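A.B. asks: Provided below: upload-v8.txt, containing compact mmCIF, C-alpha atoms.
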# COMPACT_ATOMS: atom_id res chain seq x y z
CA MET A 1 60.76 -46.93 -112.73
CA PRO A 2 57.82 -48.36 -110.77
CA LEU A 3 58.74 -50.61 -107.93
CA ALA A 4 56.90 -53.72 -106.86
CA ASP A 5 56.18 -52.03 -103.53
CA GLU A 6 54.40 -49.22 -105.31
CA PHE A 7 51.93 -51.67 -106.77
CA GLU A 8 51.59 -53.67 -103.56
CA ALA A 9 50.76 -50.45 -101.73
CA GLU A 10 47.53 -50.28 -103.68
CA GLU A 11 46.14 -53.48 -102.20
CA PRO A 12 44.44 -51.86 -99.17
CA VAL A 13 43.02 -49.21 -101.48
CA ILE A 14 41.65 -51.88 -103.79
CA GLU A 15 40.13 -53.67 -100.82
CA ALA A 16 38.45 -50.45 -99.71
CA ILE A 17 37.07 -49.88 -103.20
CA ARG A 18 35.65 -53.38 -103.19
CA GLY A 19 33.86 -52.44 -100.01
CA GLY A 20 32.29 -49.47 -101.78
CA ASP A 21 34.58 -46.76 -100.39
CA ARG A 22 34.17 -43.91 -102.80
CA TYR A 23 37.05 -41.91 -101.35
CA ALA A 24 39.40 -44.84 -101.85
CA PHE A 25 38.21 -45.04 -105.43
CA GLU A 26 38.90 -41.36 -106.00
CA GLU A 27 42.36 -41.74 -104.51
CA PHE A 28 43.07 -44.72 -106.74
CA LEU A 29 41.79 -42.79 -109.73
CA ARG A 30 43.99 -39.82 -108.88
CA ARG A 31 47.07 -42.04 -108.62
CA ARG A 32 46.45 -44.17 -111.68
CA ASN A 33 44.66 -41.87 -114.11
CA ARG A 34 47.92 -41.02 -115.87
CA TRP A 35 48.64 -44.73 -116.19
CA VAL A 36 45.21 -45.38 -117.69
CA ARG A 37 45.44 -42.48 -120.12
CA GLY A 38 48.83 -43.70 -121.28
CA VAL A 39 47.57 -47.21 -121.93
CA VAL A 40 44.50 -45.88 -123.77
CA PHE A 41 46.63 -43.75 -126.04
CA GLY A 42 49.16 -46.53 -126.53
CA ILE A 43 46.50 -48.95 -127.68
CA LEU A 44 44.14 -46.64 -129.51
CA GLY A 45 46.69 -44.23 -130.91
CA ARG A 46 44.19 -41.39 -130.89
CA GLN A 47 44.44 -38.45 -128.62
CA ASP A 48 40.90 -37.23 -129.26
CA CYS A 49 39.39 -40.39 -127.76
CA VAL A 50 41.52 -40.60 -124.64
CA ASP A 51 39.14 -38.60 -122.43
CA ASP A 52 36.04 -40.58 -123.33
CA VAL A 53 37.65 -43.99 -123.06
CA THR A 54 39.30 -43.06 -119.77
CA GLN A 55 35.92 -42.02 -118.41
CA GLN A 56 34.44 -45.36 -119.48
CA VAL A 57 37.34 -47.23 -117.91
CA TRP A 58 36.89 -45.62 -114.50
CA THR A 59 33.17 -46.21 -114.59
CA ALA A 60 33.87 -49.85 -115.37
CA VAL A 61 36.44 -50.07 -112.58
CA TRP A 62 33.89 -48.85 -110.05
CA LEU A 63 31.14 -51.12 -111.29
CA ARG A 64 33.24 -54.24 -111.90
CA ILE A 65 35.77 -54.18 -109.07
CA GLY A 66 33.95 -57.16 -107.61
CA GLU A 67 35.20 -59.27 -110.51
CA LEU A 68 38.80 -58.83 -109.35
CA ARG A 69 39.58 -62.10 -107.59
CA ASP A 70 42.94 -61.23 -106.09
CA ASN A 71 43.77 -57.69 -104.99
CA ARG A 72 47.43 -58.26 -105.85
CA SER A 73 46.57 -58.80 -109.50
CA TRP A 74 44.88 -55.44 -109.90
CA ARG A 75 47.39 -54.26 -112.47
CA PRO A 76 46.82 -56.92 -115.18
CA TRP A 77 43.09 -56.72 -114.38
CA LEU A 78 43.03 -52.97 -114.90
CA TYR A 79 45.21 -53.29 -117.97
CA ARG A 80 42.78 -55.77 -119.54
CA LEU A 81 39.89 -53.45 -118.70
CA VAL A 82 41.64 -50.49 -120.33
CA ARG A 83 42.73 -52.53 -123.30
CA ASN A 84 39.25 -53.88 -123.95
CA ALA A 85 37.68 -50.44 -123.59
CA ALA A 86 40.22 -48.96 -126.00
CA LEU A 87 39.78 -51.75 -128.54
CA ASP A 88 35.98 -51.45 -128.30
CA ALA A 89 36.27 -47.72 -128.90
CA GLY A 90 38.54 -48.37 -131.87
CA ARG A 91 36.10 -50.83 -133.38
CA GLU A 92 33.22 -48.46 -132.81
CA LEU A 93 35.10 -45.68 -134.56
CA SER A 94 35.96 -47.99 -137.42
CA ARG A 95 32.30 -48.80 -137.85
CA ARG A 96 31.52 -45.14 -138.06
CA ARG A 97 34.24 -44.70 -140.65
CA PHE A 98 35.69 -41.76 -138.82
CA ILE A 99 39.17 -43.14 -138.92
CA LYS A 100 41.69 -44.39 -141.41
CA GLN A 101 42.41 -48.05 -141.91
CA PRO A 102 44.98 -49.47 -139.50
CA ALA A 103 48.56 -49.93 -140.64
CA SER A 104 49.11 -53.06 -142.65
CA ASP A 105 51.34 -54.75 -140.05
CA SER A 106 49.20 -53.83 -137.10
CA ALA A 107 48.44 -56.74 -134.80
CA ASP A 108 45.01 -55.41 -133.82
CA PRO A 109 42.65 -54.89 -136.73
CA GLY A 110 40.38 -52.74 -134.60
CA VAL A 111 43.06 -50.27 -133.65
CA ALA A 112 43.35 -47.16 -135.71
CA THR A 113 46.40 -45.28 -136.76
CA GLY A 114 44.82 -42.06 -135.61
CA PRO A 115 43.08 -38.98 -136.84
CA GLU A 116 44.60 -36.83 -139.52
CA GLU A 117 45.83 -34.27 -137.04
CA PRO A 118 46.51 -34.85 -133.37
CA VAL A 119 44.98 -32.17 -131.19
CA ALA A 120 48.06 -31.23 -129.16
CA LYS A 121 48.43 -27.50 -128.69
CA ASP A 122 52.13 -27.31 -129.39
CA GLU A 123 53.27 -27.72 -132.99
CA LYS A 124 56.28 -29.80 -132.04
CA HIS A 125 54.17 -32.07 -129.86
CA ARG A 126 51.65 -32.41 -132.65
CA GLU A 127 54.30 -33.60 -135.04
CA VAL A 128 55.79 -36.05 -132.55
CA LEU A 129 52.36 -37.40 -131.59
CA ALA A 130 51.53 -37.87 -135.25
CA ALA A 131 54.69 -39.93 -135.62
CA ILE A 132 53.83 -42.02 -132.56
CA GLN A 133 50.28 -42.49 -133.81
CA SER A 134 51.55 -43.72 -137.13
CA LEU A 135 53.56 -46.47 -135.43
CA PRO A 136 52.10 -49.94 -135.92
CA ALA A 137 50.07 -50.80 -132.81
CA ILE A 138 52.39 -53.63 -131.82
CA TYR A 139 55.26 -51.15 -131.50
CA ARG A 140 53.27 -48.18 -130.23
CA GLU A 141 51.82 -49.91 -127.21
CA PRO A 142 55.08 -50.99 -125.52
CA PHE A 143 56.72 -47.72 -126.53
CA VAL A 144 54.02 -45.65 -124.82
CA LEU A 145 53.96 -47.90 -121.77
CA ARG A 146 57.70 -47.47 -121.47
CA HIS A 147 57.65 -43.69 -121.86
CA VAL A 148 54.49 -42.80 -119.98
CA ASN A 149 54.66 -45.24 -117.13
CA GLY A 150 58.37 -45.97 -117.06
CA TRP A 151 57.72 -49.68 -116.95
CA SER A 152 60.56 -52.14 -117.26
CA TYR A 153 60.68 -54.65 -120.11
CA ARG A 154 59.56 -57.35 -117.70
CA GLU A 155 56.53 -55.34 -116.57
CA ILE A 156 55.53 -54.53 -120.13
CA GLY A 157 55.91 -58.16 -121.11
CA GLU A 158 53.85 -59.22 -118.12
CA VAL A 159 50.78 -57.19 -119.02
CA MET A 160 51.10 -57.72 -122.77
CA GLY A 161 51.79 -61.42 -122.46
CA LEU A 162 55.13 -61.17 -124.27
CA PRO A 163 58.62 -62.47 -123.52
CA VAL A 164 61.15 -59.81 -122.57
CA ASP A 165 63.08 -60.33 -125.83
CA SER A 166 59.98 -59.49 -127.87
CA VAL A 167 59.41 -56.34 -125.85
CA GLU A 168 62.99 -55.32 -126.49
CA THR A 169 62.68 -55.99 -130.22
CA ARG A 170 59.50 -53.92 -130.44
CA LEU A 171 61.05 -51.03 -128.56
CA VAL A 172 64.09 -51.04 -130.83
CA ARG A 173 61.89 -51.06 -133.94
CA ALA A 174 59.65 -48.33 -132.56
CA ARG A 175 62.65 -46.09 -132.04
CA ARG A 176 64.06 -46.94 -135.45
CA TYR A 177 60.76 -45.96 -137.01
CA LEU A 178 60.46 -42.74 -135.00
CA ARG A 179 64.06 -41.79 -135.71
CA GLU A 180 63.23 -41.92 -139.38
CA SER A 181 59.94 -40.03 -138.98
CA LEU A 182 61.43 -37.31 -136.80
CA LYS A 183 64.84 -36.97 -138.42
CA ASP A 184 64.25 -33.28 -139.12
CA ARG A 185 63.40 -32.66 -135.50
CA ILE A 186 66.31 -34.53 -133.98
CA ALA A 187 68.93 -33.40 -136.47
CA MET B 1 73.54 -49.05 -140.77
CA SER B 2 76.87 -50.33 -141.90
CA GLU B 3 78.90 -49.33 -138.85
CA ILE B 4 76.21 -50.24 -136.35
CA ASN B 5 75.14 -53.80 -136.02
CA GLU B 6 71.82 -54.75 -134.51
CA GLN B 7 73.44 -55.96 -131.31
CA LEU B 8 74.91 -52.52 -130.68
CA GLU B 9 71.63 -50.84 -131.52
CA ARG B 10 69.86 -53.02 -128.96
CA LEU B 11 72.45 -52.13 -126.37
CA ILE B 12 71.89 -48.44 -127.04
CA VAL B 13 68.13 -48.76 -126.70
CA ARG B 14 68.40 -50.83 -123.54
CA SER B 15 70.83 -48.29 -122.12
CA LEU B 16 68.32 -45.50 -122.72
CA ASP B 17 65.69 -47.63 -121.02
CA GLY B 18 67.97 -48.26 -118.04
CA ASP B 19 67.93 -51.98 -118.69
CA LEU B 20 71.70 -52.64 -118.92
CA SER B 21 73.87 -54.32 -116.33
CA GLU B 22 77.02 -52.51 -115.18
CA ASP B 23 79.23 -54.65 -117.40
CA GLU B 24 77.05 -54.04 -120.44
CA GLU B 25 76.96 -50.32 -119.68
CA LEU B 26 80.75 -50.24 -119.50
CA ALA B 27 81.13 -52.11 -122.77
CA LEU B 28 78.69 -49.74 -124.46
CA SER B 29 80.53 -46.69 -123.12
CA ARG B 30 83.76 -47.97 -124.63
CA GLU B 31 82.05 -48.57 -127.95
CA ILE B 32 80.45 -45.12 -127.91
CA LEU B 33 83.83 -43.47 -127.31
CA ARG B 34 85.44 -45.48 -130.07
CA ASN B 35 82.68 -45.40 -132.68
CA PRO B 36 81.32 -42.02 -133.87
CA GLN B 37 78.41 -43.74 -135.64
CA ALA B 38 77.33 -45.32 -132.39
CA ARG B 39 77.69 -41.97 -130.66
CA ARG B 40 75.46 -40.35 -133.25
CA LEU B 41 72.84 -43.08 -133.04
CA MET B 42 72.80 -42.81 -129.26
CA ALA B 43 72.23 -39.04 -129.50
CA GLU B 44 69.46 -39.49 -132.06
CA TYR B 45 67.65 -42.10 -130.01
CA GLN B 46 68.03 -39.90 -126.98
CA GLY B 47 66.41 -37.12 -129.02
CA VAL B 48 63.55 -39.42 -130.02
CA ASP B 49 62.99 -40.34 -126.39
CA ASP B 50 63.05 -36.76 -125.16
CA LEU B 51 60.62 -35.57 -127.82
CA SER B 52 58.30 -38.52 -127.28
CA ALA B 53 58.28 -38.19 -123.52
CA ALA B 54 57.39 -34.49 -123.72
CA ALA B 55 54.65 -35.06 -126.30
CA LEU B 56 53.14 -38.00 -124.42
CA LYS B 57 53.25 -36.00 -121.20
CA SER B 58 50.98 -33.43 -122.84
CA ILE B 59 48.38 -36.18 -123.30
CA VAL B 60 48.51 -38.09 -120.05
CA ASP B 61 48.84 -35.00 -117.88
CA ASP B 62 45.78 -33.45 -119.46
CA PRO B 63 43.77 -32.30 -116.43
CA THR B 64 40.43 -33.47 -117.80
CA PRO B 65 38.44 -34.30 -114.66
CA ILE B 66 36.76 -37.65 -114.17
CA TYR B 67 33.44 -37.39 -112.37
CA VAL B 68 32.27 -40.49 -110.62
CA GLY B 69 28.82 -38.96 -110.18
CA ILE B 70 28.53 -38.31 -113.87
CA SER B 71 29.62 -41.84 -114.58
CA ARG B 72 26.81 -43.13 -112.46
CA ALA B 73 24.32 -40.84 -114.12
CA ARG B 74 25.43 -42.26 -117.44
CA GLU B 75 24.91 -45.72 -116.12
CA VAL B 76 21.38 -44.78 -115.14
CA ARG B 77 20.76 -43.41 -118.59
CA THR B 78 21.93 -46.66 -120.14
CA THR B 79 19.58 -48.59 -117.93
CA GLN B 80 16.74 -46.34 -118.96
CA SER B 81 17.40 -46.82 -122.64
CA SER B 82 17.57 -50.60 -122.34
CA GLY B 83 14.31 -50.45 -120.46
CA ARG B 84 12.73 -48.59 -123.33
CA LYS B 85 13.55 -51.45 -125.65
CA LYS B 86 11.59 -53.82 -123.48
CA THR B 87 8.61 -51.48 -123.12
CA TRP B 88 8.40 -51.09 -126.88
CA TYR B 89 6.53 -54.36 -127.09
CA TRP B 90 3.77 -52.84 -124.96
CA LEU B 91 3.36 -49.85 -127.23
CA VAL B 92 1.03 -51.57 -129.71
CA PRO B 93 -1.57 -52.91 -127.23
CA GLY B 94 -1.16 -49.67 -125.30
CA ALA B 95 -1.96 -47.61 -128.37
CA ILE B 96 -5.01 -49.75 -129.10
CA ALA B 97 -6.23 -49.35 -125.54
CA ALA B 98 -5.68 -45.60 -125.69
CA ALA B 99 -7.62 -45.36 -128.95
CA LEU B 100 -10.53 -47.28 -127.42
CA LEU B 101 -10.50 -45.06 -124.37
CA ALA B 102 -10.51 -41.98 -126.56
CA LEU B 103 -13.65 -43.24 -128.26
CA ILE B 104 -15.42 -44.05 -125.01
CA VAL B 105 -14.41 -41.25 -122.65
CA PRO B 106 -15.52 -37.72 -123.64
CA VAL B 107 -12.76 -35.11 -123.83
CA PRO B 108 -12.98 -32.10 -121.46
CA SER B 109 -14.00 -29.66 -124.21
CA GLN B 110 -17.01 -31.81 -124.97
CA LEU B 111 -18.00 -31.45 -121.34
CA GLY B 112 -17.78 -27.67 -121.54
CA VAL B 113 -14.57 -27.51 -119.51
CA ASP B 114 -11.84 -25.12 -120.55
CA ARG B 115 -8.74 -26.95 -121.85
CA SER B 116 -5.93 -25.02 -120.34
CA PRO B 117 -2.40 -26.04 -121.31
CA VAL B 118 -1.07 -28.59 -118.88
CA VAL B 119 1.95 -27.30 -117.02
CA SER B 120 3.42 -29.74 -114.54
CA PHE B 121 5.77 -28.45 -111.89
CA PRO B 122 8.29 -30.33 -109.84
CA PRO B 123 6.81 -31.42 -106.54
CA ALA B 124 6.89 -28.67 -103.95
CA SER B 125 9.74 -29.10 -101.55
CA VAL B 126 9.39 -28.64 -97.84
CA PHE B 127 11.68 -26.44 -95.82
CA ASN B 128 11.13 -26.14 -92.06
CA ASP B 129 7.69 -27.70 -92.47
CA ARG B 130 6.64 -24.95 -94.87
CA PRO B 131 6.01 -25.88 -98.45
CA THR B 132 8.04 -23.87 -100.90
CA ILE B 133 7.63 -23.37 -104.60
CA PRO B 134 10.77 -24.51 -106.38
CA PHE B 135 10.55 -22.14 -109.31
CA HIS B 136 9.35 -18.55 -109.44
CA GLY B 137 8.26 -16.13 -112.13
CA ASP B 138 9.94 -16.78 -115.46
CA GLN B 139 11.63 -19.88 -114.11
CA ARG B 140 8.33 -21.72 -113.83
CA ASP B 141 8.26 -23.25 -117.25
CA LEU B 142 11.97 -23.86 -117.60
CA MET B 143 12.02 -27.47 -116.51
CA ARG B 144 9.34 -30.08 -116.62
CA PRO B 145 9.72 -33.37 -114.81
CA VAL B 146 9.33 -36.38 -117.04
CA HIS B 147 8.95 -38.89 -114.22
CA SER B 148 6.19 -38.69 -111.68
CA THR B 149 8.19 -40.96 -109.37
CA PRO B 150 11.92 -40.35 -109.08
CA ALA B 151 14.14 -43.37 -109.55
CA ILE B 152 16.57 -44.34 -106.82
CA HIS B 153 20.10 -45.11 -107.89
CA ARG B 154 21.02 -48.54 -106.59
CA ASP B 155 24.63 -47.64 -105.68
CA THR B 156 24.42 -44.11 -104.38
CA GLY B 157 20.92 -44.16 -102.95
CA ARG B 158 20.37 -40.82 -104.62
CA GLU B 159 17.24 -39.93 -106.47
CA ILE B 160 17.55 -39.72 -110.20
CA ILE B 161 15.07 -37.27 -111.62
CA GLY B 162 14.59 -36.81 -115.32
CA VAL B 163 13.65 -33.32 -116.42
CA GLN B 164 13.10 -31.85 -119.81
CA GLY B 165 14.68 -28.45 -120.32
CA ASP B 166 13.17 -25.71 -122.39
CA ASP B 167 15.71 -26.61 -125.09
CA GLY B 168 13.93 -29.93 -125.51
CA ASN B 169 16.83 -31.98 -124.14
CA LEU B 170 16.48 -34.53 -121.42
CA TYR B 171 18.58 -34.01 -118.31
CA TRP B 172 19.22 -36.42 -115.47
CA ILE B 173 19.66 -34.87 -112.08
CA GLU B 174 21.03 -36.71 -109.07
CA VAL B 175 19.47 -35.48 -105.86
CA GLU B 176 21.00 -36.28 -102.54
CA ARG B 177 18.54 -35.92 -99.68
CA SER B 178 19.76 -35.54 -96.15
CA ARG B 179 17.82 -36.77 -93.19
CA THR B 180 16.81 -34.22 -90.57
CA VAL B 181 16.03 -35.40 -87.08
CA LYS B 182 14.14 -33.11 -84.76
CA LEU B 183 14.89 -33.67 -81.11
CA PRO B 184 12.62 -32.64 -78.30
CA PRO B 185 14.04 -29.85 -76.14
CA GLY B 186 16.54 -31.07 -73.55
CA SER B 187 17.12 -34.48 -75.16
CA ASN B 188 20.60 -35.93 -75.58
CA SER B 189 21.63 -35.75 -79.24
CA ARG B 190 24.20 -38.55 -78.91
CA ALA B 191 21.65 -40.93 -77.40
CA ALA B 192 19.21 -40.04 -80.13
CA TRP B 193 21.84 -40.67 -82.78
CA ASN B 194 22.72 -44.06 -81.30
CA SER B 195 19.09 -45.04 -81.27
CA LEU B 196 18.84 -44.56 -85.05
Any chance you could put this one into structure tokens?
C.D. replies:
Amino acid sequence: MPLADEFEAEEPVIEAIRGGDRYAFEEFLRRRNRWVRGVVFGILGRQDCVDDVTQQVWTAVWLRIGELRDNRSWRPWLYRLVRNAALDAGRELSRRRFIKQPASDSADPGVATGPEEPVAKDEKHREVLAAIQSLPAIYREPFVLRHVNGWSYREIGEVMGLPVDSVETRLVRARRYLRESLKDRIA
Amino acid sequence: MSEINEQLERLIVRSLDGDLSEDEELALSREILRNPQARRLMAEYQGVDDLSAAALKSIVDDPTPIYVGISRAREVRTTQSSGRKKTWYWLVPGAIAAALLALIVPVPSQLGVDRSPVVSFPPASVFNDRPTIPFHGDQRDLMRPVHSTPAIHRDTGREIIGVQGDDGNLYWIEVERSRTVKLPPGSNSRAAWNSL
């Protein structure tokens, strides 16, 4: 569970990055790369695009850090950056017709349900990732944020702009859906 | 879900997420002990969570490196391509001017000069005041610079040199040059450094 202090501790690092400190940037990247990858996968629902989008995100962070007005608000700023990059990538892929149409109840028309086969090495992981990918985006995103980053309902709601009750509802429905998809695995 | 109402299901999920108060946790524990359906649902959701966490870990812990230098090189490439769009408008008058020049200026063969294939090498580097040839023997024709003047990256201060490989692809190379200061014998290096 991330603590508020953990996020506040990044403020001097952010300040150093704003000043052009490349080492501070690399340290920030090392600490938050997992976070970024999780958000990318949660939004895009495609494992094969995570590397490329993550690369774009970090390039954008370095180039656009000057746009961050308050160092304390780096988390929603970074989240918006990641989200926009992931949605752009999803739209680009849709244009190229490399992906299936999004699920009917997906909130984001540009977000795909994923490739036909996830590229995880392990068969069990592949099956589970396929189930997560097939979740509607509105359920997948909070579910991944919860499981990858260990965020609380409040923190998820904060970055997604949702009340805590809605986050809870989405997490319950995500699990209900996955329980059905993975019933053979969890039996 | 006849035996499990939605309220209980929410409690189970919030318990797995560590979001319950002590009182709620206690109430859920009592219900789990009393209700086998609730116990089963709790175990199944726990299974979903465990499987999902392990699978997601395989994605986010992927050790694919992020290279800041490469990112910047990509940025340079983007700038180059957008620049090409603007220069396109100059292609037409440029082509007309080139055609006129071709009509006016005689080509070397017409002047009786041998037309040897043009092979351009990277500029010779200097090491200890002695010029060195960057490529030797078979390496000579491997890479051909496509820019006569290297571009300077605005963030890193590094030179960006475009070269065309023998495979026909265009490669961007970032070159970091270090500054060498020669001090006269007996001079104080710290004083010289401070004077820079």
A.B. asks: Determine which residues of chain B sit within 6 Å of chain A, taking into account only C-alpha atoms, and present them as a PyMOL selection string.
C.D. replies: chain B and resi 47+53+55+60+71
A.B. asks: What is the CA of Gly90 in chain A to CA of Glu123 in chain A distance in Å?
C.D. replies: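 So the two atoms, CA of Gly90 in chain A and CA of Glu123 in chain A, lie 25.4 Å apart.
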A.B. asks: Using only C-alpha atoms, which of the listed residues (A:Ile43, A:Leu68, A:Trp74, A:Leu135) sits closest to Leu87 in chain A?
C.D. replies: A:Ile43
A.B. asks: When you draw a straight line from CA of Trp172 in chain B to CA of Arg158 in chain B, how long is it in Å?
C.D. replies: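 Those two atoms sit 11.8 Å apart.
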A.B. asks: What separation in Å, quoted to one decimal, exists between CA of Ala86 in chain A and CA of Ala137 in chain A?
C.D. replies: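 Rounded to one decimal, the two atoms are 12.1 Å apart.
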A.B. asks: Env of Leu16 in chain B: 9 Å cut, atoms = all atoms listed in the file, seq-sep filter 2 positions within chain, self excluded. Answer as a PyMOL selection string.
C.D. replies: chain B and resi 11-14+18-20+42+45-46+49
A.B. asks: Find the residue from B:Ala38, B:Leu26, B:Ser52, B:Ile104 that sits nearest to Ala174 in chain A; use all atoms listed in the file when measuring.
C.D. replies: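 Under the stated criterion, the closest residue is B:Ser52.
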